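The block underneath contains the structure these notes are about, expressed in structure tokens.
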Amino acid sequence: MSAKLISGTEIREEILAEIDAEVKEIKAKHGVVPGLATILVGESPASISYVTLKIQTAHRLGFKEIQDNQSDDISTEDLLKLIDQYNNDDSIHGILVQLPLPDQIDEKKILNAIDPDKDVDGFHPVNVGRLMIGGSEVKFPPCTPAGIQEMIIRAGVETSGAEVVVVGRSNIVGKPIANMMFQKGEGANSTVTVVHTRTKDLAGHCKRADILIVAAGVPGLVKPEWIKPGACVIDVGVNRIGEKISEKTGKKIAILSGDVDFDAAKEIAGSITPVPGGVGPMTITMLMKNTLKSLKFKLGII
Ligand code: NAP
């Protein structure tokens, strides 16, 4: 393998250790810890497993953590009341509503009801606006793009003046990471192109990228010949391409693949993220970082 492997699992541990140290310091000085409330509606196994992982990580870091489970027939009004309760709870600094929500719920209304200063997912329109303005306006960058940028910085990849190509224009990955990479600041100052299903000559754009960020959800979309030799390749895609029996647990687990043909790409790229073990572990890590940040804003120490 010629490319340097950018391991999200390793970077996660570095960041969690930093958060852990800060939480202890703040607790000793100010007598408070970050508080995270997660609201889980219904019993979707995928949502349960995401929320459980978030709560376990918060617990490991010494946060106050609440997993608020609600039945899937809850009304929009009752969910709004619950959000109001956490908006007014001084011990809670981050509120997260696990998506997707059942059909009867007005998802937009729910997300917009979260106090933007507790919106650690960064999806509230106020935080999307803050992200667009950039610089010191940014409070909570959305977690997956923030994780991508952090990986690029910690891998020592030069972003200033770099050609960045983002494949995908979703609200949760493509648009925010594109916006973050062209801002002034650390891990940014890049020249950004965003490509999507209507783009002519996808390959031609990708070939120009010093940093190629792929978030399409199409296994093997990016071919090795689309990669500029020495480029940094960040594969955000998580695609279930089959099932296997886990050697550890004996249970059925999904076989995951990214959007990039990893085995061939690693022979051309300068650095590359694997799937799994790349961007995936970074999302929850950045959620923890945002929750700690929220407490620090409240204490006036940032
Ligand atoms: P999404 O909302 O489905 O958006 C996919 C984007 O990719 C769209 O903008 C789409 O273009 C574009 N696209 C799809 N096929 C394409 C093609 N053949 N050529 C060019 N562009 C194409 O997906 P998402 O939510 O951003 O997620 C993308 C991937 O990242 C998924 O695999 C998801 O599981 C993964 N993901 C991982 C994490 C994590 O690791 N923590 C977090 C979030 C997402 P159009 O707009 O033209 O349709």
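Going through the structure tokens in order, the chains are called A, B, and so on, while each chain numbers its residues from 1 and the ligands are numbered from 1 in the order shown.
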
Name the residues, by chain letter and number, that sit within 9 Å of ligand 1 using only C-alpha atoms and all ligand atoms, and give them as a ChimeraX atom specification.
-> /A:143-145,147,167-175,195-199,202,214-219,221-222,235-240,257-259,275-284

Which of region 61-215 of chain A counts as alpha helix (DSSP H) under DSSP, as a compact mmCIF listing (two decimals) with N, CA and C atoms, in the first residue's frame please?
```txt
# COMPACT_ATOMS: atom_id res chain seq x y z
N THR A 76 -46.46 15.58 17.58
CA THR A 76 -45.52 16.68 17.40
C THR A 76 -45.57 17.61 18.62
N GLU A 77 -46.79 17.88 19.12
CA GLU A 77 -46.97 18.80 20.26
C GLU A 77 -46.24 18.26 21.49
N ASP A 78 -46.41 16.96 21.77
CA ASP A 78 -45.76 16.40 22.97
C ASP A 78 -44.23 16.41 22.82
N LEU A 79 -43.78 16.18 21.61
CA LEU A 79 -42.33 16.20 21.38
C LEU A 79 -41.79 17.63 21.54
N LEU A 80 -42.58 18.60 21.08
CA LEU A 80 -42.18 20.01 21.24
C LEU A 80 -42.07 20.38 22.72
N LYS A 81 -43.01 19.85 23.54
CA LYS A 81 -42.99 20.13 24.99
C LYS A 81 -41.71 19.57 25.61
N LEU A 82 -41.34 18.38 25.14
CA LEU A 82 -40.14 17.72 25.67
C LEU A 82 -38.89 18.54 25.32
N ILE A 83 -38.84 19.03 24.09
CA ILE A 83 -37.70 19.84 23.67
C ILE A 83 -37.64 21.12 24.49
N ASP A 84 -38.80 21.70 24.74
CA ASP A 84 -38.87 22.92 25.55
C ASP A 84 -38.30 22.65 26.95
N GLN A 85 -38.63 21.48 27.47
CA GLN A 85 -38.13 21.10 28.81
C GLN A 85 -36.60 21.07 28.82
N TYR A 86 -36.00 20.46 27.80
CA TYR A 86 -34.53 20.39 27.75
C TYR A 86 -33.91 21.75 27.39
N ASN A 87 -34.63 22.53 26.58
CA ASN A 87 -34.13 23.88 26.27
C ASN A 87 -33.96 24.69 27.55
N GLU A 107 -40.99 16.93 11.25
CA GLU A 107 -39.56 16.87 11.59
C GLU A 107 -38.91 18.27 11.61
N LYS A 108 -39.29 19.07 10.62
CA LYS A 108 -38.73 20.42 10.50
C LYS A 108 -39.06 21.25 11.74
N LYS A 109 -40.33 21.17 12.16
CA LYS A 109 -40.80 21.91 13.34
C LYS A 109 -40.00 21.49 14.58
N ILE A 110 -39.74 20.19 14.66
CA ILE A 110 -39.02 19.66 15.84
C ILE A 110 -37.58 20.18 15.84
N LEU A 111 -36.90 20.05 14.72
CA LEU A 111 -35.48 20.46 14.69
C LEU A 111 -35.36 21.98 14.91
N ASN A 112 -36.33 22.73 14.37
CA ASN A 112 -36.29 24.19 14.53
C ASN A 112 -36.62 24.64 15.95
N ALA A 113 -37.21 23.73 16.75
CA ALA A 113 -37.59 24.10 18.12
C ALA A 113 -36.40 23.98 19.09
N PRO A 125 -31.39 25.95 11.33
CA PRO A 125 -31.06 26.97 10.31
C PRO A 125 -30.13 28.07 10.85
N VAL A 126 -30.25 28.41 12.12
CA VAL A 126 -29.36 29.45 12.68
C VAL A 126 -27.91 28.96 12.63
N ASN A 127 -27.69 27.70 12.94
CA ASN A 127 -26.31 27.18 12.90
C ASN A 127 -25.82 26.95 11.48
N VAL A 128 -26.75 26.63 10.57
CA VAL A 128 -26.36 26.51 9.16
C VAL A 128 -25.91 27.89 8.67
N GLY A 129 -26.64 28.93 9.07
CA GLY A 129 -26.26 30.30 8.71
C GLY A 129 -24.93 30.70 9.32
N ARG A 130 -24.73 30.35 10.58
CA ARG A 130 -23.46 30.67 11.25
C ARG A 130 -22.29 29.99 10.53
N LEU A 131 -22.55 28.76 10.07
CA LEU A 131 -21.49 28.02 9.36
C LEU A 131 -21.14 28.72 8.06
N MET A 132 -22.17 29.22 7.38
CA MET A 132 -21.96 29.91 6.10
C MET A 132 -21.15 31.19 6.30
N ILE A 133 -21.44 31.93 7.39
CA ILE A 133 -20.69 33.16 7.65
C ILE A 133 -19.23 32.81 7.98
N CYS A 143 -21.62 17.39 12.65
CA CYS A 143 -20.61 16.44 13.17
C CYS A 143 -19.82 15.68 12.10
N THR A 144 -20.48 15.17 11.06
CA THR A 144 -19.71 14.41 10.06
C THR A 144 -18.73 15.32 9.30
N PRO A 145 -19.18 16.47 8.77
CA PRO A 145 -18.20 17.37 8.11
C PRO A 145 -17.10 17.84 9.07
N ALA A 146 -17.46 18.11 10.32
CA ALA A 146 -16.43 18.54 11.28
C ALA A 146 -15.41 17.42 11.47
N GLY A 147 -15.88 16.19 11.47
CA GLY A 147 -14.98 15.03 11.61
C GLY A 147 -14.06 14.91 10.41
N ILE A 148 -14.61 15.16 9.23
CA ILE A 148 -13.81 15.08 8.00
C ILE A 148 -12.69 16.12 8.05
N GLN A 149 -13.06 17.35 8.41
CA GLN A 149 -12.06 18.43 8.43
C GLN A 149 -10.97 18.13 9.49
N GLU A 150 -11.40 17.62 10.62
CA GLU A 150 -10.45 17.29 11.70
C GLU A 150 -9.47 16.20 11.23
N MET A 151 -9.97 15.22 10.50
CA MET A 151 -9.10 14.15 9.98
C MET A 151 -8.06 14.72 9.02
N ILE A 152 -8.52 15.63 8.15
CA ILE A 152 -7.61 16.21 7.16
C ILE A 152 -6.51 17.00 7.89
N ILE A 153 -6.91 17.76 8.91
CA ILE A 153 -5.93 18.56 9.66
C ILE A 153 -4.94 17.63 10.36
N ARG A 154 -5.47 16.64 11.08
CA ARG A 154 -4.58 15.77 11.88
C ARG A 154 -3.71 14.87 11.01
N GLY A 174 -22.34 16.88 2.03
CA GLY A 174 -21.76 17.59 0.88
C GLY A 174 -21.74 19.10 1.02
N LYS A 175 -22.92 19.70 1.25
CA LYS A 175 -22.99 21.17 1.33
C LYS A 175 -22.15 21.72 2.48
N PRO A 176 -22.33 21.20 3.71
CA PRO A 176 -21.53 21.80 4.79
C PRO A 176 -20.02 21.61 4.64
N ILE A 177 -19.56 20.44 4.17
CA ILE A 177 -18.10 20.27 4.09
C ILE A 177 -17.54 21.17 2.98
N ALA A 178 -18.30 21.34 1.90
CA ALA A 178 -17.84 22.23 0.83
C ALA A 178 -17.70 23.64 1.38
N ASN A 179 -18.70 24.07 2.13
CA ASN A 179 -18.70 25.41 2.73
C ASN A 179 -17.53 25.58 3.71
N MET A 180 -17.26 24.55 4.48
CA MET A 180 -16.19 24.65 5.49
C MET A 180 -14.80 24.73 4.85
N MET A 181 -14.65 24.04 3.72
CA MET A 181 -13.30 23.96 3.12
C MET A 181 -12.89 25.25 2.41
N PHE A 182 -13.87 26.09 2.01
CA PHE A 182 -13.44 27.33 1.32
C PHE A 182 -13.38 28.53 2.26
N LEU A 202 -17.82 13.84 -14.44
CA LEU A 202 -17.50 13.61 -13.03
C LEU A 202 -16.02 13.22 -12.87
N ALA A 203 -15.59 12.31 -13.74
CA ALA A 203 -14.21 11.82 -13.66
C ALA A 203 -13.22 12.96 -13.81
N GLY A 204 -13.48 13.86 -14.80
CA GLY A 204 -12.57 14.98 -15.07
C GLY A 204 -12.40 15.86 -13.85
N HIS A 205 -13.51 16.15 -13.15
CA HIS A 205 -13.43 16.97 -11.93
C HIS A 205 -12.63 16.25 -10.84
N CYS A 206 -12.96 14.99 -10.63
CA CYS A 206 -12.29 14.23 -9.56
C CYS A 206 -10.78 14.17 -9.80
N LYS A 207 -10.40 14.03 -11.04
CA LYS A 207 -8.97 13.90 -11.39
C LYS A 207 -8.16 15.14 -11.02
```

Polymer residues at most 12 Å from Lys252 (chain A), only C-alpha atoms, same-chain spacing of 5 or more positions, as a PyMOL selection string = chain A and resi 242-247

With C-alpha atoms retained, could you export that selection as a PDB file, in the first residue's frame?
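Result file again.pdb:
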```
ATOM      1  CA  GLY A 242     -23.768  -8.051   2.133  1.00  0.00           C
ATOM      2  CA  GLU A 243     -23.678  -9.909   5.447  1.00  0.00           C
ATOM      3  CA  LYS A 244     -21.168 -12.108   7.249  1.00  0.00           C
ATOM      4  CA  ILE A 245     -20.833 -13.858  10.592  1.00  0.00           C
ATOM      5  CA  SER A 246     -18.730 -11.908  13.076  1.00  0.00           C
ATOM      6  CA  GLU A 247     -15.695 -13.890  14.308  1.00  0.00           C
TER       7      GLU A 247
END
```

Tell me which protein, DNA and RNA residues are within 12 Å of Lys29 (chain A), counting only C-alpha atoms, leaving out same-chain ones fewer than 6 positions away, and put them as a list of chain:residue names.
->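 Near neighbours after the sequence-gap exclusion: A:Glu22, A:Val23, A:Leu299, A:Ile301.
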
Distance CA of Pro116 (chain A)-CA of Lys296 (chain A), one decimal place?
->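 Calculated distance between CA of Pro116 (chain A) and CA of Lys296 (chain A) is 15.0 Å.
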
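The two atoms in question, CA of Thr273 (chain A) and CA of Lys4 (chain A), are spaced 8.7 Å apart.
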
Just the residues within 9 Å of Gln70 (chain A), please, counting only C-alpha atoms, with nothing from its chain fewer than 6 positions along; format it as a PyMOL selection string.
-> chain A and resi 39-43+79

Do a neighbour search on Val33 (chain A) at 7 Å with only C-alpha atoms, toss out local chain neighbours closer than 6 positions, and write the hits as JSON, numbers by chain.
-> {"A": [23, 27, 63, 64]}

Dump of N, CA, C and O atoms for the selected residues, as a PDB file, in the first residue's frame:
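Everything below was put into result-v4.pdb:
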```pdb
ATOM      1  N   VAL A  23     -12.846  17.873  30.293  1.00  0.00           N
ATOM      2  CA  VAL A  23     -14.031  17.690  31.155  1.00  0.00           C
ATOM      3  C   VAL A  23     -13.578  17.649  32.619  1.00  0.00           C
ATOM      4  O   VAL A  23     -14.174  18.306  33.488  1.00  0.00           O
ATOM      5  N   LYS A  27     -14.622  20.374  35.413  1.00  0.00           N
ATOM      6  CA  LYS A  27     -15.346  19.875  36.590  1.00  0.00           C
ATOM      7  C   LYS A  27     -14.643  20.359  37.868  1.00  0.00           C
ATOM      8  O   LYS A  27     -15.284  20.831  38.812  1.00  0.00           O
ATOM      9  N   PHE A  63     -19.787  12.822  31.026  1.00  0.00           N
ATOM     10  CA  PHE A  63     -20.872  13.769  30.789  1.00  0.00           C
ATOM     11  C   PHE A  63     -22.089  13.337  31.610  1.00  0.00           C
ATOM     12  O   PHE A  63     -22.246  12.165  31.942  1.00  0.00           O
ATOM     13  N   LYS A  64     -22.992  14.293  31.880  1.00  0.00           N
ATOM     14  CA  LYS A  64     -24.342  13.917  32.291  1.00  0.00           C
ATOM     15  C   LYS A  64     -25.032  13.487  31.003  1.00  0.00           C
ATOM     16  O   LYS A  64     -24.972  14.211  30.008  1.00  0.00           O
TER      17      LYS A  64
END
```

Give me the residues within 12 Å of Arg60 (chain A) as a ChimeraX atom specification, counting only C-alpha atoms and dropping any in the same chain fewer than 3 places off.
-> /A:13,16-17,19-20,23,53-57,63-65,285,288

Record the distance separating CA of Ser7 (chain A) and CA of Ile211 (chain A), expressed in Å with one decimal.
->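 Computing it gives 16.2 Å between the two atoms.
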
Given only C-alpha atoms as the counted atoms, nearest of A:Thr38, A:Thr249, A:Asn69, A:Ser294 to Leu96 (chain A) | A:Thr38

Could you find all residues in region 36-198 of chain A that DSSP calls strand (DSSP E) from the backbone, and write them as a list of chain:residue names?
->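 Taking region 36-198 of chain A and keeping strand (DSSP E) gives A:Leu36, A:Ala37, A:Thr38, A:Ile39, A:Leu40, A:Val41, A:Lys64, A:Glu65, A:Ile66, A:Gln67, A:Asp68, A:Asn69, A:Gln70, A:Gly94, A:Ile95, A:Leu96, A:Val97, A:Glu163, A:Val164, A:Val165, A:Val166, A:Val167, A:Thr191, A:Val192, A:Thr193, A:Val194, A:Val195.
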
Write out, as a tab-separated table, each residue of region 125-182 of chain A that has an atom at most 8 Å from region 189-192 of chain A, together with the closest pair of atoms and their distance in Å to one decimal, counting only C-alpha atoms, rows going by chain and rising number.
```
residue	atom	partner	partner_atom	distance
A:Thr159	CA	A:Ser190	CA	5.6
A:Ser160	CA	A:Asn189	CA	4.6
A:Gly161	CA	A:Ser190	CA	4.8
A:Ala162	CA	A:Ser190	CA	4.9
A:Glu163	CA	A:Thr191	CA	5.0
A:Val164	CA	A:Val192	CA	4.8
A:Val165	CA	A:Val192	CA	5.8
A:Val166	CA	A:Val192	CA	7.4
A:Ala178	CA	A:Val192	CA	6.3
A:Met181	CA	A:Ser190	CA	5.6
A:Phe182	CA	A:Ser190	CA	4.8
```

Residues just named, written with N, CA, C and O atoms as a PDB file, in the first residue's frame:
```pdb
ATOM      1  N   THR A 159      -4.293  22.183   3.092  1.00  0.00           N
ATOM      2  CA  THR A 159      -5.590  22.552   2.507  1.00  0.00           C
ATOM      3  C   THR A 159      -5.542  23.924   1.841  1.00  0.00           C
ATOM      4  O   THR A 159      -6.337  24.194   0.941  1.00  0.00           O
ATOM      5  N   SER A 160      -4.620  24.780   2.274  1.00  0.00           N
ATOM      6  CA  SER A 160      -4.583  26.139   1.752  1.00  0.00           C
ATOM      7  C   SER A 160      -4.209  26.117   0.271  1.00  0.00           C
ATOM      8  O   SER A 160      -3.147  25.609  -0.099  1.00  0.00           O
ATOM      9  N   GLY A 161      -5.097  26.636  -0.558  1.00  0.00           N
ATOM     10  CA  GLY A 161      -4.851  26.660  -2.001  1.00  0.00           C
ATOM     11  C   GLY A 161      -5.100  25.331  -2.685  1.00  0.00           C
ATOM     12  O   GLY A 161      -4.967  25.232  -3.908  1.00  0.00           O
ATOM     13  N   ALA A 162      -5.476  24.309  -1.913  1.00  0.00           N
ATOM     14  CA  ALA A 162      -5.694  22.983  -2.515  1.00  0.00           C
ATOM     15  C   ALA A 162      -7.004  22.957  -3.300  1.00  0.00           C
ATOM     16  O   ALA A 162      -7.961  23.656  -2.962  1.00  0.00           O
ATOM     17  N   GLU A 163      -7.023  22.148  -4.349  1.00  0.00           N
ATOM     18  CA  GLU A 163      -8.265  21.904  -5.096  1.00  0.00           C
ATOM     19  C   GLU A 163      -9.028  20.813  -4.349  1.00  0.00           C
ATOM     20  O   GLU A 163      -8.544  19.679  -4.233  1.00  0.00           O
ATOM     21  N   VAL A 164     -10.188  21.162  -3.822  1.00  0.00           N
ATOM     22  CA  VAL A 164     -11.019  20.172  -3.138  1.00  0.00           C
ATOM     23  C   VAL A 164     -12.224  19.866  -4.018  1.00  0.00           C
ATOM     24  O   VAL A 164     -12.891  20.787  -4.489  1.00  0.00           O
ATOM     25  N   VAL A 165     -12.479  18.599  -4.244  1.00  0.00           N
ATOM     26  CA  VAL A 165     -13.692  18.212  -4.968  1.00  0.00           C
ATOM     27  C   VAL A 165     -14.566  17.392  -4.020  1.00  0.00           C
ATOM     28  O   VAL A 165     -14.099  16.420  -3.413  1.00  0.00           O
ATOM     29  N   VAL A 166     -15.814  17.834  -3.855  1.00  0.00           N
ATOM     30  CA  VAL A 166     -16.769  17.144  -2.994  1.00  0.00           C
ATOM     31  C   VAL A 166     -17.788  16.451  -3.889  1.00  0.00           C
ATOM     32  O   VAL A 166     -18.443  17.111  -4.700  1.00  0.00           O
ATOM     33  N   ALA A 178     -18.298  21.338   1.895  1.00  0.00           N
ATOM     34  CA  ALA A 178     -17.839  22.232   0.826  1.00  0.00           C
ATOM     35  C   ALA A 178     -17.699  23.644   1.384  1.00  0.00           C
ATOM     36  O   ALA A 178     -16.685  24.321   1.179  1.00  0.00           O
ATOM     37  N   MET A 181     -14.645  24.036   3.715  1.00  0.00           N
ATOM     38  CA  MET A 181     -13.304  23.963   3.121  1.00  0.00           C
ATOM     39  C   MET A 181     -12.889  25.250   2.412  1.00  0.00           C
ATOM     40  O   MET A 181     -11.700  25.486   2.210  1.00  0.00           O
ATOM     41  N   PHE A 182     -13.875  26.085   2.005  1.00  0.00           N
ATOM     42  CA  PHE A 182     -13.442  27.325   1.325  1.00  0.00           C
ATOM     43  C   PHE A 182     -13.379  28.526   2.257  1.00  0.00           C
ATOM     44  O   PHE A 182     -13.009  29.623   1.842  1.00  0.00           O
TER      45      PHE A 182
END
```
